[in-house]
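Here the structure comes first, spelled out in structure tokens, and everything after it is commentary.
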Amino acid sequence: CMDDLDQSPTDPDVFTEEDVFASADEAKSALAKLYAGFALTGQTGPAGDPDITNLDEGASQFTRLLFVLNELPTDEAVNGWGDAGVPNFHQMDWSAGNDFLEAMYYRLALEVSYCNSFIDNATALNSDTDVQYYIAEARFLRAYAYSYLMDFFGNVPIVTSVSTDLPMQSTREEIFTFVEAELLEVQDLLPDSGATEYGRVDKVAAWALLSRIYLNAETWIGENRYSDCVTYSEMVISSSYQINTTDANGNGNAYDELFLADNDSNGAQNEFIFTANFDGINSTTYGGSTYLVFAAIGGDMVASEYGVNGGWAGNRVTKSLVEKFNDAITASDSDGYPTAWSDSRAMFYTEGQNYEIETISNTFTDGYANVKFKNIKSDGSTGNDVNQTFVDTDVPLIRVAEIYLNYAEAVLRGGGGSNTNAVTYINELRERAYGNSSNNINATNLNLDFVLDERARELQWEGFRRTDLIRYGYFTSSTYLWPFKGGAANGVGISSYRVLYPIPTSILTVNPNMTQNSGY
Amino acid sequence: GVVTENATGMPIPGANVVIKGTSTGTTTDFDGKYQITASENDVIEFSYIGFVTQSITFSGNTTINISLVEDTQQLDEVVVIGYGTVKKKDATGTVDQISTEDFNQGPVVTAGQLVTGKIAGVNVTSSGGAPGASQTIRIRGVGSLSLTSNPLFVVDGVPIADGTSGGSRNPLDFINPNDIETMTVLKDASATAIYGSRAANGVIMITTKKGKGDLKFNFTTSMNISDPYKKIDVMSADQFRALINEVGNTSQIALLGDANTDWQDEIYRTAVSNNSSFTVSGTYKDFMPFRASIGYSDQSGILDRDNFKRTTASLNLRPRFLDNSLRLDLNARGMYTENTFANNGAIGAAVDFDPTQSVYDENSPYSGYYSWLNSDGYQNSLAPTNPVALINLQDDTSEVRRFIGNAKIDYDLPFLTDLTATLNLAYDYSNSNGRVITSELMPNSSANDDYNGAYTNYSNETINKLFDFYVTYNKEIGKQSISAMLGHSYQSFTYFKYGYNSETEEQGNIEGAYTDDPSKNVLMSFFGRANYNYNDKYLATATLRADASSKLNPDDRWGYFPSFSLAWNLNNEDFLKDSKTINQLKLRVGYGEVGNVNGLNDYLFLTKYNVSQSGAYYQIGSGNYMATYRPQEINEDLKWEVGKTLNIGIDYGFFDNRVSGSINAYVKKTSDLISNIPVDPFTNFGDSIDANVGDMENKGVELEINYLAVQTENFEWNIGYNIAYNDNEITNLPASFPTGGINGGTGNKIQYQEEGYSPFAFYVYQQVYNQDGKPIEGAYVDRNHDGQLNDSDKYLYKDPFADVTMGLNTSIKYKNFDLAIVTRASLGNYVYNNNASSRAYLNRATANSILSNLTTDYYDHAFVESSEGNLMSDYFVKNASFFKVDNISLGYTFTKFVKDSSLKLYGSVQNVATITEYDGLDPEVYGGIDNGLYPRPRIYMLGLNLNF
């Protein structure tokens with residue numbers, strides 16, 4: 001009976017490596033986890049079997065963390081919740097013990113481990129063409145995770161195969177080199193532009209991510225790579241992906257379709273190079289678009305108008321973001337505060353909301369609300385979840401509009417390319433936003449600050465702002481201010497070491513090979 | 001003649017009757033009868049274990065009936081130890097045995113309540129006032145960080161699986177307290193090491209009552225009334241109106257209603273419960289003692305609709321064969337419970353709900369229950385749900401069935417009579433079925449008129465199989481005696497869980513709407529014990545257990561748990577032998593190693609993938625949602641947590657044993673502590689794994705005194721006092737980490753595990769106070785002097801565990817009256833008052849376009865915001881030391897009620913008084929975070945106990 005000590009799992013939901021990598025079909029489910037790692041929080045929806053256990057499960061979701069790390073410490077958003085660690089983002093005084101920084105580090109590093117494990121195991125099935133694509137996709141997803149590790153934390157280990165040995169720390173330069181090399185390699189291994197299923201990536205994703213890292217190369221590693229940015233942006237722009245111009249709900253512009261519940265099918269999908277997919281029934285989480293919609297509703301807002309059953313009264317915008325639309329104001333209230341704009345990207349909810357923020361904590365009505373993301377389909381019906389608790393809307397992680405803006409900026413920073421094309425691309429975005437060409441710009445209007453403001457208008461709340469402000473040198477400066485920057489009502493500059501987040505304390509504790517980023 | 005028990009008049013079978021100074025002797029039969037031939041002036045000695053030996057000089061009477069008086073000092077008391085028994089005077093470990101007459105009286109529904117406050121260093125904390133609520137039992141403090149610190153329960157030799165299965169309230173539910181004869185607590189490792197890998201947190205051995213002698217019947221019944229005498233202090237409707245009128249804006253003031261509703265009164269009730277049992281015991285045809293009992297308990301909680309109905313039945317047969325050399329001990333025990341769980345969500349909702357609103361509103365879309373509606377006519381998703389609706393519109397019921405049967409067979413080998421072989425086979429089966437049905441009328445925020453309510457059901461099944469075989473050898477050689485035991489044990493635990501949630505199905509997704517979660521683990525063991533006794537003066541015991549668990553990887557699977565202990569009975573030395581003052585004085589020293597894997601999941605060392613469940617599929621391609629495989633975190637090197645305990649003790653008895661008790665001092669070092677620790681995510685598939693890291697130390701001193709203050713024919717006064725000091729400290733932990741989630745915000749944690757501190761110490765900001773001693777909101781001490789306030793300024797402040805616990809019990813018997821009082825004290829335990837921190841800040845009253853009531857703590861601190869700082873302030877960490885009068889019972893016994901029957905009538909009050917500085921609901925909060933506690937009621941009880 002000694003053999004009885006060798007028990008193996010009796011649970012039909014638990015599988016071994018042999019099961020999972022028995023065939024290309026089975027392995028595809030393991031690949032799906034690599035994608036789901038950027039969208040969901042665990043193996044039970046919406047919560048219950050989390051990937052990351054030491055933070056509230058919903059808060060450990062990638063795009064939600066991306067919002068916390070890249071939007072809350074900027075002029076685009078504040079959040080009024082009292083959760084440990086949240087107020088430190090708008091106050092810009094986060095420490096290495098911050099739960100959300102730790103969660104983001106874990107989220108990205110776990111993604112690397114999932115990818116490494118997949119690549120290690122799937123190699124045995126390499127004779128299958130599909131599996132070759134899977135492996136290339138896994139390498140892309142790993143590079144994508146590293147691009148954020150590089151942006152947020154700078155100096156993290158490069159690990160390409162799962163091992164319990166504690167890894168050595170690498171430098172930001174080494175990570176940049178690794179990510180670039182991987183993307184350059186997999187661009188030839190991935191499916192051709194538009195040749196794969198919705199939700200999976202092809203060559204264009206590798207080009208787009210290269211465009212993004214080359215744009216930031218000067219900031220991150222001190223190397224001017226703007227001409228590479230121009231090259232890869234052009235490759236993306238001439239691919240099968242196009243900005244969405246279908247006004248599926250007929251409201252006069254084709255911008256809001258990008259953030260509606262059916263954005264995987266209303267035309268917006270043609271603009272999406274890489275997405276985190278959600279569904280109110282099948283793919284549920286308290287992060288993702290559910291967070292983006294719910295957390296932005298409070299005060300007098302009627303939740304059902306956005307296709308959900310309530311609001312979490314958290315996220316609002318500062319007036320600095322509202323001011324980016326000052327050229328487009330069409331109506332103001334009796335106090336002179338704007339209430340309507342001709343630019344459809346200004347989706348602010350103003351009724352009962354104060355323009356100025358006096359109190360952030362628990363005071364949702366201070367600051368305009370932002371209803372960019374909705375759980376409403378193009379035909380006006382609500383998302384698939386009849387209880388309206390979970391949102392269908394997919395969150396774009398890379399879309400063509402970003403690449404247009406990358407191109408324009410790289411051109412202006414001396415990367416070559418064509419000024420005329422840059423103006424054309426920006427005007428494509430503006431025409432879509434206004435529904436007509438009356439607000440198009442010409443070459444004289446195009447300068448770096450204009451591009452930054454255009455990025456705020458086009459990409460607000462999509463997780464770009466902190467990275468953008470750092471690239472422009474505005475993130476910590478005492479000249480570019482917004483309400484409550486650095487914790488002061490009128491904004492103050494902060495120490496420049498804060499352009500990098502600290503390595504989380506728990507990581508330093510578990511891996512003595514790691515050294516803290518300077519300043520922390 | 002007949003030998004009987006003095007107290008009960010019951011015959012004593014197996015008593016020794018010997019003519020002093022000769023080898024002539026006999027033993028009494030099952031009816032206590034004996035026959036012996038004696039000459040005039042012979043001295044006849046009557047003795048039986050646990051009773052005072054009596055001597056009679058034979059003067060020619062043909063019948064001598066003797067009633068033996070129980071030895072109150074219990075020097076000859078037999079105590080239960082693992083795989084055997086030992087006379088208390090020969091015990092070398094720290095063993096406390098509490099038997100029937102010392103059990104707590106009053107409304108006892110589960111076993112843990114029998115010994116609350118009775119034993120030094122054993123703390124029993126109920127999880128709240130729900131009927132049949134589980135208890136947290138801790139022996140000598142908290143022994144682990146991630147694993148459970150529950151002791152191992154062994155019922156009639158059968159180790160019980162840790163934890164409850166779903167749908168039941170308490171793991172010890174299955175046993176009717178009225179069937180328990182003794183509860184024996186093995187505290188130190190020299191006593192527990194025989195249970196090896198499961199003994200780190202002590203062992204509680206439960207021995208059930210057995211039949212003997214003549215046919216006897218016992219009937220007990222009691223009725224009790226639970227009074228919800230204490231609730232959370234919230235603002236009255238008038239106080240709340242005044243507050244809103246003062247601070248609210250026009251639209252908020254307009255929300256105020258005209259009612260004066262005490263929402264807590266609406267959900268609590270005075271509950272009536274009853275409890276009965278019937279027992280028959282005796283001996284069948286002189287060879288088979290038996291006992292059979294049935295019990296029925298119908299317990300209602302003070303929270304409306306909360307109810308627990310339990311039927312238990314037990315049968316014990318102990319036939320003897322082959323001239324008493326083959327002895328069977330057969331136990332069968334069944335339980336059936338029906339639970340109606342009240343919706344505990346109502347407890348918090350009743351605190352929050354606006355007292356100016358009435359319970360019902362005829363315009364409400366939710367079957368007339370007043371609800372906070374959004375402008376679209378659906379319930380505001382951030383509003384509390386009407387507490388009365390929560391109670392009335394949710395059915396949460398379960399049925400639990402459990403059967404435990406064991407057959408213990410002792411056989412004295414015919415060719416070697418000193419050798420006894422024992423086989424113990426047991427089968428423990430439980431299953432539960434439960435369902436939670438939420439009415440479609442329940443106020444909900446689903447903006448959908450077709451809300452169908454919700455239906456989930458679950459069933460759990462647990463099977464525990466035991467095979468024990470051991471041989472015992474006893475030999476006396478002159479003044480020395482030796483006993484040895486060697487055995488093998490196999491135990492398997494199989495779990496099956498099934499859950500089903502109908503909502504996903506209604507949404508057209510049948511696949512994956514259910515989950516099942518089976519698992520199995522096996523424990524294989526070898527064990528042995530040797531005792532040596534020289535002239536009753538010098539005693540030595542050595543034990544060794546080897547355990548292998550399927551939970552651990554093959555290389556670390558086997559653990560070896562030795563112990564060694566020595567005792568010296570000074571009272572048997574010549575210089576004390578004739579002392580009238582010192583009747584017992586025993587010095588003990590023991591060392592042992594014990595393990596713990598309780599609460600550890602199965603298969604942790606294997607590479608596994610979890611497939612995602614419904615709701616966690618991922619879209620690949622248009623409309624195609626795929627299940628995903630996630631590699632699971634893994635620790636191939638997991639091994640036992642090992643506790644090493646050194647214990648020094650003294651057992652004493654002075655002044656004719658009228659003062660007796662024990663003193664113990666111990667140090668327990670737990671190494672390879674299993675903790676769920678952060679792991680470098682680049683090296684694994686999770687953020688934390690269960691791993692052997694760190695060490696912990698528990699040390700303490702315990703003192704027990706029993707004082708028989710008065711003992712006359714008509715009057716007896718007994719006082720029992722125990723006090724224990726215990727200190728827990730994490731002595732080594734490479735990575736500190738937060739724990740202890742609280743209400744307020746998302747994911748806030750108030751406790752921290754850090755080296756050099758108590759486990760679960762509070763990790764907080766240091767509040768700054770104004771001149772009037774009021775806390776200044778948002779002002780904290782910059783403890784690291786870096787000029788900014790952030791989480792590096794938090795510090796570890798106090799912990800939830802008492803430094804000192806005490807029990808003081810007294811019993812008085814005067815003629816046929818008896819009075820018992822049980823009290824308890826706990827000093828130095830701190831509680832984080834989460835009700836005061838999360839339900840009492842001003843902004844909460846008007847947040848989310850609704851009104852919410854505040855607890856009266858607001859008047860003390862006047863905090864406005866629920867900021868992280870406010871939540872994490874040390875202001876809310878309060879000293880919760882307490883003194884409680886747990887129970888007062890008064891009884892009267894009619895000794896000759898009808899013929900030989902006796903009838904006892906008694907009444908008791910439970911939860912009589914609490915003295916504490918703590919201003920929350922109840923200072924007794926296991927784990928130190930006070931939120932949502934089900935209030936403990938005061939219980940008045942009347943009962944009768946009839947023997948015939």
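Ordering of the structure tokens sets the chain letters (A, B, ...), residue numbers begin anew at 1 in every chain, and ligands are numbered from 1 in the order given.
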
Practice task
Considering only C-alpha atoms, return as a list in words whatever protein or nucleic-acid residues lie within 9 Å of Leu854 in chain B, sequence-local ones (same chain, fewer than 6 positions apart) excluded.
Solution key: Asp233, Val234, Met235, Phe240, Val351, Asp352, Phe353, Asp354, Ala836, Arg839, Ala840, Tyr841, Leu842, Arg844 and Ala845 of chain B

Practice task
Pick out the residues sitting within 12 Å of Ala296 in chain A, and hand them over as a PyMOL selection string; count only C-alpha atoms, and ignore anything fewer than 5 positions along from it in its own chain.
Solution key: chain A and resi 67+77-81+289-291+301-303+306+308+310-317+347-349+364-365+367-374+461

Exercise for the section: For CA of Thr893 in chain B and CA of Leu819 in chain B, quote the distance in Å rounded to one decimal. Expected result: 11.6 Å

Exercise for the section: Can you check which residues of range 269-343 of chain A DSSP gives as strand (DSSP E) on the backbone and send them as an NGL selection string? Expected result: :A and (272-276 or 315-316 or 329-332 or 338-341)

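When only C-alpha atoms are used to compute distances to chain B, the closest of the residues A:Asn387, A:Thr393, A:Gln91, A:Asn375 turns out to be A:Asn387.
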
Handout entry: Within 7 Å of range 534-538 of chain B using only C-alpha atoms, minus same-chain residues under 4 positions, as a PyMOL selection string
Key = chain B and resi 479-481+567-570+572-573

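Omitting Asp99 in chain A and its sequence neighbours fewer than 2 positions away, and counting only C-alpha atoms, the residues within 10 Å are Asn54, Leu55, Asp56, Ala59, Ser60, Asp83, Ala84, Gly85, Val86, Trp94, Ser95, Ala96, Gly97, Leu101, Glu102, Ala103, Met104, Tyr105, Pro504, Thr505 and Ser506 of chain A; Gly747 and Asn748 of chain B.
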
Selection to disk with N, CA and C atoms, as a compact mmCIF listing (two decimals), in the first residue's frame:
```txt
# COMPACT_ATOMS: atom_id res chain seq x y z
N ASN A 54 -1.98 38.49 -3.95
CA ASN A 54 -1.77 39.43 -2.85
C ASN A 54 -2.37 40.82 -3.08
N LEU A 55 -3.23 40.93 -4.05
CA LEU A 55 -3.96 42.19 -4.23
C LEU A 55 -5.38 41.78 -4.58
N ASP A 56 -6.33 42.66 -4.29
CA ASP A 56 -7.70 42.44 -4.73
C ASP A 56 -7.66 41.97 -6.18
N ALA A 59 -8.21 44.32 -9.11
CA ALA A 59 -7.20 45.36 -9.24
C ALA A 59 -5.90 44.83 -9.82
N SER A 60 -5.78 43.50 -9.96
CA SER A 60 -4.53 42.95 -10.48
C SER A 60 -4.58 42.77 -12.00
N ASP A 83 -8.22 53.13 -1.23
CA ASP A 83 -7.45 51.89 -1.20
C ASP A 83 -5.98 52.17 -0.94
N ALA A 84 -5.40 51.30 -0.12
CA ALA A 84 -3.98 51.48 0.19
C ALA A 84 -3.20 51.57 -1.10
N GLY A 85 -2.46 52.67 -1.27
CA GLY A 85 -1.60 52.82 -2.44
C GLY A 85 -2.20 53.63 -3.56
N VAL A 86 -3.51 53.77 -3.64
CA VAL A 86 -4.11 54.50 -4.76
C VAL A 86 -3.82 56.01 -4.71
N TRP A 94 4.57 57.57 -4.44
CA TRP A 94 4.57 56.12 -4.25
C TRP A 94 5.90 55.65 -3.69
N SER A 95 5.80 54.53 -2.94
CA SER A 95 7.02 53.94 -2.41
C SER A 95 7.16 52.53 -2.97
N ALA A 96 8.28 51.90 -2.66
CA ALA A 96 8.56 50.57 -3.20
C ALA A 96 7.60 49.52 -2.65
N GLY A 97 6.86 49.87 -1.59
CA GLY A 97 5.92 48.90 -1.03
C GLY A 97 4.54 49.00 -1.64
N LEU A 101 2.16 48.79 -7.77
CA LEU A 101 3.43 48.61 -8.46
C LEU A 101 3.86 47.16 -8.38
N GLU A 102 3.66 46.60 -7.19
CA GLU A 102 4.02 45.20 -7.01
C GLU A 102 3.17 44.33 -7.94
N ALA A 103 1.87 44.63 -7.98
CA ALA A 103 0.97 43.82 -8.81
C ALA A 103 1.36 43.91 -10.28
N MET A 104 1.72 45.12 -10.75
CA MET A 104 2.10 45.27 -12.15
C MET A 104 3.39 44.50 -12.44
N TYR A 105 4.33 44.57 -11.52
CA TYR A 105 5.58 43.83 -11.70
C TYR A 105 5.27 42.34 -11.81
N PRO A 504 9.66 46.66 -6.70
CA PRO A 504 8.87 46.41 -5.48
C PRO A 504 9.70 45.78 -4.37
N THR A 505 9.40 46.21 -3.15
CA THR A 505 10.14 45.71 -1.99
C THR A 505 10.15 44.18 -1.93
N SER A 506 9.00 43.58 -2.24
CA SER A 506 8.94 42.13 -2.10
C SER A 506 9.90 41.44 -3.07
N GLY B 747 -8.90 45.82 -0.96
CA GLY B 747 -7.63 45.13 -0.75
C GLY B 747 -6.76 45.70 0.35
N ASN B 748 -7.32 46.49 1.25
CA ASN B 748 -6.50 46.98 2.35
C ASN B 748 -6.26 45.86 3.36
```

Exercise for the section: Could you give me, as a PyMOL selection string, the residues within 7 Å of range 700-714 of chain B, counting only C-alpha atoms and dropping anything in the same chain fewer than 5 positions from it? Expected result: chain B and resi 120-121+658-667+719-727+814-815

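Among the candidates B:Ser901, B:Asn41, B:Thr312, B:Ser612, the one nearest to chain A when counting only C-alpha atoms is B:Ser612.
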
Exercise for the section: Fewer than 2 positions away in the same chain doesn't count, so skip those; otherwise give me all residues within 12 Å of Asn326 in chain A, counting only C-alpha atoms, as a VMD selection string. Expected result: chain A and resid 319 to 324 328 to 332 337 to 343 346 453 457

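Secondary structure of range 258-331 of chain A, helix (DSSP H, G or I) only (DSSP, backbone atoms): Leu258, Phe259, Ala268, Gln269, Asn270, Gly288, Ser289, Thr290, Tyr291, Leu292, Val293, Phe294, Ala303, Ser304, Glu305, Tyr306, Lys319, Ser320, Leu321, Val322, Glu323, Asn326, Asp327 and Ala328 of chain A.
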
Exercise for the section: Might you pull out every residue within 6 Å of Leu326 in chain B, with only C-alpha atoms counted and same-chain residues fewer than 3 positions away left off, and present them as a list in words? Expected result: Arg320, Phe321, Leu322, Asp410 and Tyr411 of chain B
